[in-house]
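This is run15.csv. It holds CSV, C-alpha atoms.
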chain,number,residue,atom,x,y,z
A,9,MET,CA,10.9,1.6,104.4
A,10,ASP,CA,11.0,5.4,103.8
A,11,GLU,CA,12.7,6.7,100.7
A,12,TRP,CA,15.6,8.2,102.8
A,13,GLN,CA,16.1,4.9,104.6
A,14,GLU,CA,16.4,3.0,101.4
A,15,LYS,CA,18.8,5.5,99.8
A,16,LEU,CA,21.0,5.8,102.8
A,17,THR,CA,20.9,2.5,104.7
A,18,CYS,CA,21.3,0.4,101.6
A,19,ALA,CA,24.0,2.6,99.9
A,20,LEU,CA,26.3,0.5,97.7
A,21,ALA,CA,29.4,2.5,98.3
A,22,CYS,CA,31.0,4.9,100.8
A,23,GLN,CA,30.4,8.5,99.6
A,24,ARG,CA,33.8,9.6,100.8
A,25,CYS,CA,36.3,6.9,99.7
A,26,SER,CA,34.1,4.9,97.2
A,27,LYS,CA,34.7,1.6,99.1
A,28,THR,CA,32.0,-0.9,98.1
A,29,LEU,CA,29.5,-1.6,100.9
A,30,ASP,CA,27.9,-5.0,101.2
A,31,PRO,CA,24.5,-5.2,102.8
A,32,ASN,CA,26.1,-6.5,106.1
A,33,ASP,CA,28.8,-3.8,106.2
A,34,GLN,CA,28.2,-1.2,108.7
A,35,ARG,CA,27.9,2.4,107.6
A,36,ILE,CA,27.0,5.7,109.3
A,37,LEU,CA,25.8,9.1,108.1
A,38,SER,CA,28.2,12.0,107.8
A,39,VAL,CA,27.3,15.0,109.9
A,40,TYR,CA,28.7,17.2,107.1
A,41,ASP,CA,26.6,16.1,104.1
A,42,HIS,CA,24.2,13.4,105.5
A,43,GLU,CA,25.6,10.8,103.1
A,44,PRO,CA,26.5,7.2,104.1
A,45,VAL,CA,30.2,6.7,104.8
A,46,CYS,CA,32.2,3.6,106.0
A,47,LEU,CA,33.4,3.5,109.6
A,48,PRO,CA,37.0,4.4,108.8
A,49,CYS,CA,35.8,7.5,107.0
A,50,LYS,CA,33.6,8.4,109.9
A,51,LYS,CA,36.6,8.1,112.3
A,52,GLU,CA,38.5,10.5,110.0
A,53,GLU,CA,35.6,12.9,110.0
A,54,GLU,CA,35.5,12.9,113.8
A,55,GLN,CA,39.1,14.1,113.8
A,56,ARG,CA,38.3,17.3,112.0
A,57,PRO,CA,38.6,20.4,114.2
A,58,ASP,CA,35.1,21.6,113.5
A,59,TYR,CA,33.4,18.2,114.0
A,60,GLU,CA,32.0,18.9,117.5
A,61,GLN,CA,30.4,22.2,116.4
A,62,VAL,CA,29.1,20.8,113.1
A,63,SER,CA,27.6,17.7,114.8
A,64,ARG,CA,25.8,19.8,117.4
A,65,GLU,CA,24.3,22.1,114.7
A,66,MET,CA,23.4,19.1,112.6
A,67,ILE,CA,21.5,17.3,115.4
A,68,GLY,CA,19.5,20.4,116.3
A,69,THR,CA,18.6,21.0,112.6
A,70,CYS,CA,17.9,17.4,112.0
A,71,MET,CA,15.5,17.0,115.0
A,72,ALA,CA,13.7,20.2,114.0
A,73,GLU,CA,13.3,19.1,110.3
A,74,THR,CA,12.3,15.5,111.0
A,75,GLU,CA,10.3,16.1,114.2
A,76,MET,CA,12.0,13.0,115.6
A,77,MET,CA,14.1,12.8,118.7
A,78,TYR,CA,17.8,11.9,118.5
A,79,SER,CA,17.2,8.8,120.6
A,80,ASP,CA,14.7,7.3,118.2
A,81,PRO,CA,16.6,4.3,116.9
A,82,GLY,CA,14.6,4.2,113.7
A,83,GLY,CA,15.1,7.9,113.0
A,84,TYR,CA,17.3,9.7,110.5
A,85,CYS,CA,19.1,11.7,113.1
A,86,PHE,CA,20.1,8.6,115.1
A,87,HIS,CA,22.0,7.2,112.1
A,88,HIS,CA,24.5,10.1,112.2
A,89,PHE,CA,26.0,8.7,115.4
A,90,TYR,CA,25.3,4.9,115.4
A,91,PRO,CA,26.4,2.5,112.7
A,92,PHE,CA,23.8,0.5,110.8
A,93,ALA,CA,23.5,-2.1,107.9
A,94,CYS,CA,21.1,-2.6,105.1
A,95,LYS,CA,17.8,-3.9,106.4
A,96,ARG,CA,16.7,-5.6,103.1
A,97,LEU,CA,18.6,-8.8,103.8
Write the structure described by the file as structure tokens, please.
Amino acid sequence: MDEWQEKLTCALACQRCSKTLDPNDQRILSVYDHEPVCLPCKKEEEQRPDYEQVSREMIGTCMAETEMMYSDPGGYCFHHFYPFACKRL
């Protein structure tokens, strides 16, 4: 597992509300700061008026920096839009 995957996919708490995340709890990456957040916090994030613009910019930058396509299910960019759980179970 890459270092970013370990740090983000196995985060112990939501970076927004500090809710404890168990390995089986789903989390998703914020498009604002690329930190793992719980699904309720992601839903709140999606209600922000600038979310659509920020998410478009983030995905373009992310794909350029990682050289991975958005549709790669193992890729960093993919985890900003699809929930995941810790893979160390």
Tell me, as a short mmCIF file (atom, residue, chain, number, x, y, z; two decimals) with C-alpha atoms, keeping the file's coordinate frame, which residues lie within 12 Å of Pro44 in chain A, counting only C-alpha atoms; anything in the same chain fewer than 4 positions away does not count.
data_model
loop_
_atom_site.label_atom_id
_atom_site.label_comp_id
_atom_site.auth_asym_id
_atom_site.auth_seq_id
_atom_site.Cartn_x
_atom_site.Cartn_y
_atom_site.Cartn_z
CA TRP A 12 15.60 8.20 102.80
CA GLN A 13 16.10 4.90 104.60
CA GLU A 14 16.40 3.00 101.40
CA LYS A 15 18.80 5.50 99.80
CA LEU A 16 21.00 5.80 102.80
CA THR A 17 20.90 2.50 104.70
CA CYS A 18 21.30 0.40 101.60
CA ALA A 19 24.00 2.60 99.90
CA LEU A 20 26.30 0.50 97.70
CA ALA A 21 29.40 2.50 98.30
CA CYS A 22 31.00 4.90 100.80
CA GLN A 23 30.40 8.50 99.60
CA ARG A 24 33.80 9.60 100.80
CA CYS A 25 36.30 6.90 99.70
CA SER A 26 34.10 4.90 97.20
CA LYS A 27 34.70 1.60 99.10
CA THR A 28 32.00 -0.90 98.10
CA LEU A 29 29.50 -1.60 100.90
CA ASP A 33 28.80 -3.80 106.20
CA GLN A 34 28.20 -1.20 108.70
CA ARG A 35 27.90 2.40 107.60
CA ILE A 36 27.00 5.70 109.30
CA LEU A 37 25.80 9.10 108.10
CA SER A 38 28.20 12.00 107.80
CA VAL A 39 27.30 15.00 109.90
CA TYR A 40 28.70 17.20 107.10
CA PRO A 48 37.00 4.40 108.80
CA CYS A 49 35.80 7.50 107.00
CA LYS A 50 33.60 8.40 109.90
CA TYR A 84 17.30 9.70 110.50
CA HIS A 87 22.00 7.20 112.10
CA HIS A 88 24.50 10.10 112.20
CA PHE A 89 26.00 8.70 115.40
CA TYR A 90 25.30 4.90 115.40
CA PRO A 91 26.40 2.50 112.70
CA PHE A 92 23.80 0.50 110.80
CA ALA A 93 23.50 -2.10 107.90
CA CYS A 94 21.10 -2.60 105.10
#
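Reported to one decimal place, the separation of CA of Pro31 in chain A from CA of Thr69 in chain A is 28.6 Å.
Here CA of Gly68 in chain A is placed at a distance of 23.4 Å from CA of Cys46 in chain A.
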Inset, instruction - Kindly give the distance, in Å, that separates CA of Gln61 in chain A and CA of His42 in chain A, rounded to a single decimal. - result: 15.3 Å
